[in-house]
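Following: one structure in structure tokens, then a few remarks.
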Amino acid sequence: MWKIILAVLWTSLFSLGNTALADSLTLHSNWQFSKYGSDEWLPATVPGTVHQDLMALGKLPDPFYGMNEKEIQWVEDEDWLYRTSFMLSEEQLAHQEIFLVFDGLDTYADVSLNGVCILKANNMFVGYRVPVKHVLRSGENKLLIRFRSPIREAMPQWETNGFIYPAANDHRAERVSIFTRKAPYSYGWDWGIRMVTCGIWRPVCLEFANQAEIEDYFVCQQSVTSDRAEVDNRLEIRNLGNEIREAQVKVTYAYGQEESRSVEQTVRLQPGLNTVSLPLTIESPHLWMPNGWGEAALYDFRASVCMDGETVASQQHRIGLRSIRVVNEEDSLGMSFYFEVNGIPMFAKGTNLIPSDALLPRVTRERYVRLLEDVQAANMNMIRVWGGGVYEDDALYEEADKRGILVWQDFMFACTPYPHDPAFLKQVSEEVVYNIKRLRNHASLAMWCGNNEVGEGMKYWGWKRKYGPEIYQQLADGYDILFRKLLPEKVKELDPGRFYLESSPYEANWGRPESWKRGDSHNWGTWYGQKPFESLDTEIPRFMSEFGFQSFPEMKTIHSFATPEDYDMESPVMNAHQKSSIGNFLIKKTMGLYYPVPEKFEDLVYLGLVLQGHGMRQGMEAHRRNRPYCMGSLIWQLNDSWPVVSWSAIDYFGNWKALHYQSRRAFAPVLVDAIREGDKLRYYVMSDVLKTKDVVLQMELMNFKGKVLRRHQVEGKLPVNSSVVFYEEDWNQAFAACDTTTSFIHMTLKDRHGREILSDEVYYPALPKSQHLPQAKISCKMKKKNGAYELTLKSDQLARDVFIEIPVQGVRFSDNFFDLLPGVSRKILVTSGDGCALEDLTVNIRQLGDICSIEHE
Ligand code: NHV
């Protein structure tokens, strides 16, 4: 619950000795469910979904296993009943008002309480707060919810619509998804299992109120600089009585242990809803800084309402004071797109987030914490909550606030046009108001975006041809009403000052390079365009908000849904976990450009991970090199909603793929990156740090056996928040008299006065498939340390892309998928994913040389 309501009232009543009274009563127990039309009532878990309840009883197989996806599809066509009963005392009933609060109902839910229909819900993205005092009783109260099948609910619209919407990701012939305000991905996606859920998917409770309550508390940051923050505290206060009441409204704020300050106002509250504004100024505020730039400082703000000397309502928020400006303006190069945080241009390093589970209530706070830790650990400063999923739980935004991760928030529309009839618009309007109000206090919230790729679709995906001018016009009208009118107007009204982007990408399309000059882009050339990764070096947008390449998850994750008999890319079970029809073909085709394509399934899986990591890294580095023309690089995609072949960097069980380690390297605060440009070998230094220092770049030309063939160094200044060519040399000279198939350059960038190594990287002059890689002998010593393991790895020859494979789900590695340089030992810490001590480990070490080595003397 994000509202702390009447906490003080509760304590004061409690101190009078009345233990029965409480501010809220969670309604998560005694639930039962039943298939509509049957008489069988079975135990249910709330919050939850009907799928989880059926699975818990063994009535549904594990949907993620094998080909079980098809065994569970019947659930979506049924209606489901949920019921519970709860006791209330006279004292609880004596409150002036009592609200039944659902943070989320999925989706068509008729709610009856003690014989009265109190709510007909129709939008999964809305929280409902229904005054119910008039139907409650002392003693037993009965609550029953009928969840109507979203498929059957929307079927009349489907049957009479006259055309089929191009919602290609909806995996059923009857594509009803667009009629429903329900997570698009649950109908299937090109990485998603189809699980059309229903149920009480977020918490439910009763809230008790007396005299007055705070319905909303918005800390509106009007202007923030390092000198001063101007903040308007905007409160919506409901006077629950029938008379005008005098009240003291107070806002207290504090930073950490510093002394708190407050402002206060006496107001006359009319019966019903009142708006109150309490402006305040904070001199020399602690600014909230993005990850990599300093502390993500958070203040505690608390608003309270006092009547007759007694606090009757209060609410609090953690507030980060900062300015965020999205600079999206015509310039001499086209149209810029970048984030300016506290007045400083920020290169956005990040990723696109999808829902972390097909069964959303399973995403606990612990899972959000771990995911955001992973984002932060990879030196990222931005996530995009993509429009085909859900407006995420408060926990996600709270964790982003704490870690200095900016959130690009899409509204939940993706890859298809939508209806625009009045009933639909009303639902959307409610959803938008609810979520803007829920999320607008978060320091991390950087911008709103109308939709994912609907704008691109309208222009370039052939819908005009497909549907003819009349229907197309209807779709275009709907697009205008939703994304050019309704959404931006609501943002302007409820979240003034926050940037709104109509659609992502801005206008670009990956097939049209000229469009990359304008706004944000999605570049799918290395996937759908079947281009080599080198294309990312030249196809530079102003801001890359999506680019991706698939991989299989590692073997232990494959093992969670498949048996060794299924270990073939094209086996039915593997294909049930590969939703991109061209996926396997594209992985192999691109692999062949750089590596010999192995036969063995396990080798393909390993090499595919390596390929994805290096390929994507090429893009991240290209984007950083090209700043300030390009000011952002967001990977498609961070996570998975089930164990599957996908574009993700972290698999369903939380295992980092090679890609996430490569992101951490490519997004390091300071990075040295060498690249061949024409006949030059250029050493770029990219830096996101805000202070310069004297540095030295050392370059060692070495062979795979560790012999140093040449060593030289140059001195200079560390660039500030920019990218520079730090040094360049003639490519042929750099590798003169050496065999490029057996040598590499080891680069270290050091602080000239301190001993700190700022960046430590390698450059290979030859593609892996033409390298003569040894099958290095890697020694691995293991030491157990407080439930964790320290591995020491060493090899006398170069070992590339070393993968320490441990068959325990979720184990964490201080590093993995790294190059082990000849003679250099590396210590790697292995810890369990769940904080428990690790048992004895089986360790398997893979290296590129096992696959790519070419016989040589
Ligand atoms: O296919 C991978 C991802 C999707 O999962 C997700 O919807 O927004 N993807 C690909 C594209 N966008 C996204 C771009 N796809 C095309 C665009 C234009 C022509 C063909 C494909 C994400």
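Chains: A, B, ... in order of the structure tokens. Residues: from 1 per chain. Ligands: from 1, in order shown.
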Those in range 444-669 of chain A with alpha helix (DSSP H) from DSSP, as a ChimeraX atom specification: /A:454-460,463-479,487-494,535-538,555-559,572-576,583-594,601-625,658-666
Surrounding residues of Phe547 in chain A excluding itself and chain neighbours under 2 positions, 7 Å, only C-alpha atoms, as number ranges by chain: A: 522-524, 635-636
Report as a tab-separated table the residues of chain A within 9 Å of ligand 1, each with its shortest atom pair and distance in Å (one decimal), using only C-alpha atoms and all ligand atoms, ordered by chain and increasing residue number.
```
residue	atom	partner	partner_atom_place_in_ligand_line	distance
A:Asn169	CA	ligand 1	7 (O)	8.1
A:Trp189	CA	ligand 1	5 (O)	6.5
A:Asp190	CA	ligand 1	5 (O)	5.3
A:Trp191	CA	ligand 1	5 (O)	6.2
A:Gly192	CA	ligand 1	5 (O)	8.5
A:Asn352	CA	ligand 1	8 (O)	8.9
A:Trp386	CA	ligand 1	8 (O)	7.4
A:Gly387	CA	ligand 1	8 (O)	8.0
A:Gly388	CA	ligand 1	7 (O)	7.1
A:Ala414	CA	ligand 1	7 (O)	6.9
A:Cys415	CA	ligand 1	7 (O)	6.5
A:Asn452	CA	ligand 1	8 (O)	6.0
A:Glu453	CA	ligand 1	8 (O)	6.6
A:Glu456	CA	ligand 1	18 (C)	7.7
A:Gly457	CA	ligand 1	18 (C)	7.5
A:Tyr460	CA	ligand 1	18 (C)	7.7
A:Trp461	CA	ligand 1	19 (C)	6.8
A:Ser504	CA	ligand 1	8 (O)	8.8
A:Asn509	CA	ligand 1	18 (C)	7.0
A:Trp510	CA	ligand 1	18 (C)	7.0
A:Gly511	CA	ligand 1	18 (C)	7.8
A:His522	CA	ligand 1	14 (C)	6.9
A:Asn523	CA	ligand 1	14 (C)	7.6
A:Trp524	CA	ligand 1	14 (C)	5.8
A:Trp527	CA	ligand 1	1 (O)	8.4
A:Tyr528	CA	ligand 1	21 (C)	6.1
A:Gly529	CA	ligand 1	20 (C)	8.3
A:Glu546	CA	ligand 1	12 (N)	7.2
A:Phe547	CA	ligand 1	10 (C)	8.0
A:Gly548	CA	ligand 1	2 (C)	7.2
A:Phe549	CA	ligand 1	2 (C)	8.3
A:Gln550	CA	ligand 1	2 (C)	8.7
A:Ser580	CA	ligand 1	1 (O)	7.4
A:Trp636	CA	ligand 1	3 (C)	7.0
A:Gln637	CA	ligand 1	3 (C)	8.0
A:Ser646	CA	ligand 1	2 (C)	8.2
A:Trp647	CA	ligand 1	2 (C)	7.1
```
Write out as a compact mmCIF listing (two decimals) with all heavy atoms, in the first residue's frame the residues lying within 10 Å of range 367-374 of chain A, counting only C-alpha atoms and excluding same-chain residues fewer than 3 positions away.
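Once everything was written out, this is around_26.txt:
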```
# COMPACT_ATOMS: atom_id res chain seq x y z
N LEU A 353 12.45 -2.86 -20.33
CA LEU A 353 11.94 -3.83 -19.36
C LEU A 353 10.58 -4.37 -19.82
O LEU A 353 9.72 -3.61 -20.24
CB LEU A 353 11.79 -3.10 -18.03
CG LEU A 353 11.25 -3.90 -16.86
CD1 LEU A 353 12.31 -3.98 -15.77
CD2 LEU A 353 10.01 -3.26 -16.28
N SER A 356 8.32 -9.27 -15.58
CA SER A 356 9.27 -10.33 -15.19
C SER A 356 8.63 -11.69 -15.04
O SER A 356 9.31 -12.65 -14.67
CB SER A 356 9.94 -9.97 -13.86
OG SER A 356 10.86 -8.95 -14.07
N ARG A 362 3.56 -13.20 -9.01
CA ARG A 362 4.77 -13.86 -8.54
C ARG A 362 5.97 -12.92 -8.49
O ARG A 362 7.02 -13.27 -7.95
CB ARG A 362 5.12 -15.04 -9.46
CG ARG A 362 4.07 -16.13 -9.46
CD ARG A 362 4.64 -17.50 -9.76
NE ARG A 362 5.10 -17.66 -11.12
CZ ARG A 362 5.06 -18.85 -11.76
NH1 ARG A 362 4.57 -19.92 -11.16
NH2 ARG A 362 5.52 -18.94 -12.98
N VAL A 363 5.83 -11.74 -9.07
CA VAL A 363 6.97 -10.80 -9.06
C VAL A 363 6.96 -10.07 -7.71
O VAL A 363 6.28 -9.07 -7.52
CB VAL A 363 6.91 -9.79 -10.22
CG1 VAL A 363 8.22 -9.03 -10.32
CG2 VAL A 363 6.62 -10.50 -11.54
N THR A 364 7.73 -10.61 -6.80
CA THR A 364 7.80 -10.05 -5.44
C THR A 364 8.72 -8.84 -5.40
O THR A 364 9.47 -8.59 -6.35
CB THR A 364 8.40 -11.11 -4.50
OG1 THR A 364 9.66 -11.48 -5.07
CG2 THR A 364 7.50 -12.32 -4.38
N ALA A 377 24.06 -2.42 -11.43
CA ALA A 377 25.39 -3.05 -11.51
C ALA A 377 25.95 -2.98 -12.92
O ALA A 377 27.17 -2.99 -13.11
CB ALA A 377 25.31 -4.50 -11.04
N ALA A 378 25.08 -2.93 -13.92
CA ALA A 378 25.56 -2.87 -15.31
C ALA A 378 25.81 -1.42 -15.74
O ALA A 378 25.84 -1.13 -16.94
CB ALA A 378 24.56 -3.54 -16.24
N ASN A 379 25.99 -0.54 -14.77
CA ASN A 379 26.32 0.87 -15.06
C ASN A 379 25.25 1.57 -15.87
O ASN A 379 25.53 2.49 -16.65
CB ASN A 379 27.67 0.98 -15.79
CG ASN A 379 28.81 0.51 -14.92
OD1 ASN A 379 28.93 0.94 -13.77
ND2 ASN A 379 29.63 -0.38 -15.44
N MET A 380 24.01 1.12 -15.71
CA MET A 380 22.93 1.74 -16.47
C MET A 380 22.32 2.89 -15.66
O MET A 380 22.40 2.90 -14.43
CB MET A 380 21.85 0.69 -16.78
CG MET A 380 22.34 -0.38 -17.73
SD MET A 380 21.11 -1.66 -18.00
CE MET A 380 21.90 -2.60 -19.32
N ILE A 383 15.83 2.79 -17.51
CA ILE A 383 15.05 1.67 -18.04
C ILE A 383 13.82 2.24 -18.75
O ILE A 383 13.29 3.29 -18.36
CB ILE A 383 14.58 0.68 -16.95
CG1 ILE A 383 13.87 1.39 -15.80
CG2 ILE A 383 15.72 -0.18 -16.46
CD1 ILE A 383 13.26 0.45 -14.78
N GLU A 392 4.16 -0.79 -13.95
CA GLU A 392 4.73 -1.71 -12.97
C GLU A 392 4.31 -1.38 -11.54
O GLU A 392 3.78 -0.31 -11.26
CB GLU A 392 6.26 -1.70 -13.09
CG GLU A 392 6.77 -2.41 -14.33
CD GLU A 392 6.66 -3.94 -14.25
OE1 GLU A 392 6.37 -4.45 -13.16
OE2 GLU A 392 6.86 -4.59 -15.28
N ASP A 393 4.62 -2.33 -10.65
CA ASP A 393 4.32 -2.14 -9.23
C ASP A 393 5.11 -0.96 -8.68
O ASP A 393 6.21 -0.65 -9.16
CB ASP A 393 4.73 -3.40 -8.44
CG ASP A 393 3.71 -4.51 -8.60
OD1 ASP A 393 2.78 -4.36 -9.42
OD2 ASP A 393 3.85 -5.53 -7.91
N ASP A 394 4.58 -0.38 -7.60
CA ASP A 394 5.28 0.73 -6.95
C ASP A 394 6.73 0.34 -6.63
O ASP A 394 7.63 1.17 -6.69
CB ASP A 394 4.58 1.10 -5.64
CG ASP A 394 3.17 1.64 -5.89
OD1 ASP A 394 2.89 2.05 -7.04
OD2 ASP A 394 2.36 1.63 -4.96
N ALA A 395 6.93 -0.92 -6.26
CA ALA A 395 8.27 -1.38 -5.86
C ALA A 395 9.31 -1.08 -6.93
O ALA A 395 10.44 -0.69 -6.62
CB ALA A 395 8.24 -2.88 -5.57
N LEU A 396 8.94 -1.23 -8.19
CA LEU A 396 9.91 -0.99 -9.25
C LEU A 396 10.37 0.47 -9.24
O LEU A 396 11.57 0.77 -9.32
CB LEU A 396 9.32 -1.33 -10.63
CG LEU A 396 10.30 -0.99 -11.75
CD1 LEU A 396 10.80 -2.24 -12.44
CD2 LEU A 396 9.72 -0.04 -12.75
N TYR A 397 9.42 1.38 -9.12
CA TYR A 397 9.75 2.81 -9.18
C TYR A 397 10.50 3.23 -7.91
O TYR A 397 11.39 4.07 -7.96
CB TYR A 397 8.48 3.64 -9.41
CG TYR A 397 7.73 3.19 -10.65
CD1 TYR A 397 6.72 2.24 -10.57
CD2 TYR A 397 8.09 3.66 -11.91
CE1 TYR A 397 6.07 1.78 -11.71
CE2 TYR A 397 7.45 3.21 -13.06
CZ TYR A 397 6.43 2.27 -12.95
OH TYR A 397 5.80 1.81 -14.08
N GLU A 398 10.13 2.62 -6.78
CA GLU A 398 10.83 2.94 -5.53
C GLU A 398 12.30 2.51 -5.64
O GLU A 398 13.20 3.23 -5.22
CB GLU A 398 10.15 2.24 -4.34
CG GLU A 398 8.82 2.89 -3.99
CD GLU A 398 7.94 2.01 -3.09
OE1 GLU A 398 8.43 0.99 -2.58
OE2 GLU A 398 6.74 2.36 -2.93
N GLU A 399 12.53 1.33 -6.19
CA GLU A 399 13.90 0.85 -6.33
C GLU A 399 14.66 1.72 -7.35
O GLU A 399 15.86 1.97 -7.18
CB GLU A 399 13.92 -0.62 -6.74
CG GLU A 399 13.44 -1.56 -5.65
CD GLU A 399 14.20 -1.41 -4.34
OE1 GLU A 399 15.43 -1.28 -4.36
OE2 GLU A 399 13.53 -1.41 -3.28
N ALA A 400 13.98 2.14 -8.39
CA ALA A 400 14.63 3.02 -9.38
C ALA A 400 14.98 4.36 -8.72
O ALA A 400 16.06 4.91 -8.95
CB ALA A 400 13.72 3.22 -10.58
N LYS A 402 15.73 4.88 -5.61
CA LYS A 402 16.86 4.69 -4.70
C LYS A 402 18.19 4.59 -5.43
O LYS A 402 19.24 4.87 -4.87
CB LYS A 402 16.69 3.37 -3.93
CG LYS A 402 15.75 3.45 -2.77
CD LYS A 402 15.84 2.14 -1.99
CE LYS A 402 14.49 1.76 -1.46
NZ LYS A 402 14.41 0.33 -1.11
N ARG A 403 18.14 4.10 -6.67
CA ARG A 403 19.38 3.76 -7.36
C ARG A 403 19.76 4.73 -8.47
O ARG A 403 20.71 4.50 -9.21
CB ARG A 403 19.25 2.36 -7.97
CG ARG A 403 19.11 1.32 -6.91
CD ARG A 403 18.56 0.02 -7.47
NE ARG A 403 18.04 -0.78 -6.38
CZ ARG A 403 18.80 -1.46 -5.54
NH1 ARG A 403 20.10 -1.49 -5.72
NH2 ARG A 403 18.28 -2.13 -4.54
N ILE A 405 18.06 5.43 -11.22
CA ILE A 405 17.73 4.90 -12.55
C ILE A 405 16.54 5.67 -13.10
O ILE A 405 15.45 5.64 -12.52
CB ILE A 405 17.36 3.40 -12.47
CG1 ILE A 405 18.43 2.59 -11.72
CG2 ILE A 405 17.09 2.84 -13.86
CD1 ILE A 405 19.79 2.55 -12.37
N LEU A 638 15.78 -6.33 -21.40
CA LEU A 638 16.45 -6.69 -20.14
C LEU A 638 16.14 -8.12 -19.70
O LEU A 638 17.05 -8.89 -19.40
CB LEU A 638 16.01 -5.71 -19.04
CG LEU A 638 16.50 -6.05 -17.63
CD1 LEU A 638 18.02 -5.99 -17.53
CD2 LEU A 638 15.87 -5.12 -16.59
N ASN A 639 14.86 -8.45 -19.61
CA ASN A 639 14.46 -9.64 -18.83
C ASN A 639 13.50 -10.53 -19.60
O ASN A 639 13.10 -10.21 -20.72
CB ASN A 639 13.82 -9.17 -17.51
CG ASN A 639 12.71 -8.15 -17.74
OD1 ASN A 639 12.67 -7.49 -18.77
ND2 ASN A 639 11.82 -8.04 -16.80
N ILE A 650 19.05 -10.98 -19.27
CA ILE A 650 18.97 -11.75 -18.03
C ILE A 650 17.82 -12.74 -18.21
O ILE A 650 16.73 -12.34 -18.64
CB ILE A 650 18.69 -10.82 -16.82
CG1 ILE A 650 19.81 -9.79 -16.69
CG2 ILE A 650 18.54 -11.62 -15.55
CD1 ILE A 650 19.60 -8.79 -15.56
N PHE A 653 15.27 -16.92 -14.70
CA PHE A 653 15.70 -17.25 -13.34
C PHE A 653 16.71 -16.25 -12.78
O PHE A 653 17.28 -16.46 -11.71
CB PHE A 653 16.29 -18.67 -13.31
CG PHE A 653 15.27 -19.72 -13.67
CD1 PHE A 653 15.28 -20.33 -14.92
CD2 PHE A 653 14.27 -20.08 -12.78
CE1 PHE A 653 14.33 -21.28 -15.26
CE2 PHE A 653 13.31 -21.03 -13.11
CZ PHE A 653 13.34 -21.63 -14.35
N GLY A 654 16.96 -15.18 -13.50
CA GLY A 654 17.86 -14.14 -13.00
C GLY A 654 19.31 -14.34 -13.40
O GLY A 654 20.18 -13.59 -12.95
N TRP A 656 22.46 -13.87 -15.48
CA TRP A 656 22.96 -12.92 -16.48
C TRP A 656 23.46 -13.71 -17.70
O TRP A 656 24.23 -14.65 -17.55
CB TRP A 656 24.15 -12.12 -15.94
CG TRP A 656 23.85 -11.10 -14.90
CD1 TRP A 656 22.77 -11.07 -14.06
CD2 TRP A 656 24.66 -9.96 -14.56
NE1 TRP A 656 22.87 -9.98 -13.21
CE2 TRP A 656 24.02 -9.29 -13.51
CE3 TRP A 656 25.87 -9.45 -15.05
CZ2 TRP A 656 24.54 -8.13 -12.92
CZ3 TRP A 656 26.40 -8.30 -14.46
CH2 TRP A 656 25.73 -7.64 -13.42
N HIS A 660 24.64 -9.20 -20.50
CA HIS A 660 24.58 -8.25 -19.37
C HIS A 660 25.98 -7.91 -18.87
O HIS A 660 26.25 -6.79 -18.47
CB HIS A 660 23.70 -8.79 -18.26
CG HIS A 660 23.07 -7.69 -17.44
ND1 HIS A 660 22.20 -6.77 -17.97
CD2 HIS A 660 23.23 -7.33 -16.13
CE1 HIS A 660 21.84 -5.91 -17.03
NE2 HIS A 660 22.45 -6.23 -15.91
N ARG A 664 27.69 -4.16 -18.90
CA ARG A 664 28.41 -3.55 -17.77
C ARG A 664 29.75 -2.99 -18.25
O ARG A 664 30.17 -1.92 -17.82
CB ARG A 664 28.62 -4.60 -16.67
CG ARG A 664 29.35 -4.02 -15.47
CD ARG A 664 29.23 -4.90 -14.26
NE ARG A 664 30.04 -6.10 -14.38
CZ ARG A 664 30.04 -7.07 -13.47
NH1 ARG A 664 29.25 -6.99 -12.41
NH2 ARG A 664 30.80 -8.13 -13.63
N GLY A 833 21.89 -16.88 -5.33
CA GLY A 833 20.96 -15.83 -5.71
C GLY A 833 20.02 -15.46 -4.59
O GLY A 833 19.47 -14.37 -4.55
N ASP A 834 19.82 -16.38 -3.62
CA ASP A 834 18.79 -16.14 -2.61
C ASP A 834 19.37 -15.82 -1.23
O ASP A 834 18.65 -15.84 -0.23
CB ASP A 834 17.87 -17.36 -2.51
CG ASP A 834 18.66 -18.64 -2.28
OD1 ASP A 834 19.86 -18.55 -1.97
OD2 ASP A 834 18.07 -19.73 -2.42
```
Coordinates-based distance that separates CA of Ile98 in chain A from CA of Asn242 in chain A (Å, one decimal): 16.1 Å
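Distance annotation: of A:Phe483, A:Tyr165, A:Phe552, A:Phe33, the residue with the minimal separation from Tyr606 in chain A is A:Phe552; atom set is only C-alpha atoms.
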8 Å contact set for Tyr567 in chain A, only C-alpha atoms, chain neighbours under 5 positions out, as a PyMOL selection string: chain A and resi 562+574+601-602
Those in range 168-272 of chain A with strand (DSSP E) from DSSP, as a ChimeraX atom specification: /A:204-209,212-224,228-239,245-255,261-269,272
Top pick for closest residue to Leu406 in chain A, considering A:Ile244, A:Ala649, A:Leu767, A:Met382 and counting only C-alpha atoms: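 Going through A:Ile244, A:Ala649, A:Leu767, A:Met382 one by one, the smallest distance to Leu406 in chain A is for A:Met382.
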One-decimal distance in Å that lies between CA of Trp288 in chain A and CA of Gly320 in chain A: 5.1 Å
One-decimal distance in Å that lies between CA of Val685 in chain A and CA of Val670 in chain A: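 CA of Val685 in chain A lies 7.1 Å from CA of Val670 in chain A.
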Selection: 6 Å around Ile828 in chain A, only C-alpha atoms, excl. self and same-chain fewer than 4 positions, as a count of residues only: 3
Residue contacts of Arg268 in chain A (12 Å, only C-alpha atoms) excluding same-chain residues fewer than 5 positions away, as a list in words: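 Residues near the query, excluding close chain neighbours: Ala212, Ile237, Arg238, Asn239, Glu243, Ile244, Arg245, Glu246, Ala247, Gln248, Val249, Leu273, Asn274, Thr275, Val276, Val305, Cys306 and Met307 of chain A.
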Could you write out that same residue set with C-alpha atoms as a JSON list (two decimals), in the first residue's frame?
```
[["chain", "number", "residue", "atom", "x", "y", "z"],
["A", 212, "ALA", "CA", -11.13, 13.54, 6.59],
["A", 237, "ILE", "CA", -8.46, 16.23, 0.96],
["A", 238, "ARG", "CA", -11.90, 14.74, 1.40],
["A", 239, "ASN", "CA", -13.99, 16.07, 4.25],
["A", 243, "GLU", "CA", -20.26, 20.40, 7.56],
["A", 244, "ILE", "CA", -17.49, 22.84, 6.82],
["A", 245, "ARG", "CA", -14.55, 22.00, 9.07],
["A", 246, "GLU", "CA", -11.44, 23.89, 9.98],
["A", 247, "ALA", "CA", -8.25, 21.92, 9.65],
["A", 248, "GLN", "CA", -4.49, 22.40, 9.89],
["A", 249, "VAL", "CA", -2.67, 21.00, 6.90],
["A", 273, "LEU", "CA", -13.28, 17.02, -2.06],
["A", 274, "ASN", "CA", -10.99, 20.02, -1.41],
["A", 275, "THR", "CA", -7.72, 20.94, -3.05],
["A", 276, "VAL", "CA", -5.02, 22.54, -0.94],
["A", 305, "VAL", "CA", -4.37, 16.88, 8.28],
["A", 306, "CYS", "CA", -5.21, 17.88, 11.82],
["A", 307, "MET", "CA", -8.69, 18.57, 13.20]]
```
Neighbour list for Phe301 in chain A as an MDAnalysis selection string, cut-off 9 Å, only C-alpha atoms, skip fewer than 5 positions in-chain: chainID A and resid 219 251:255 315:319
Nearest to Val132 in chain A by atom-to-atom distance, counting only C-alpha atoms, from A:Arg625, A:Lys490, A:His577, A:His95: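 Among A:Arg625, A:Lys490, A:His577, A:His95, it is A:His95 that comes nearest to Val132 in chain A.
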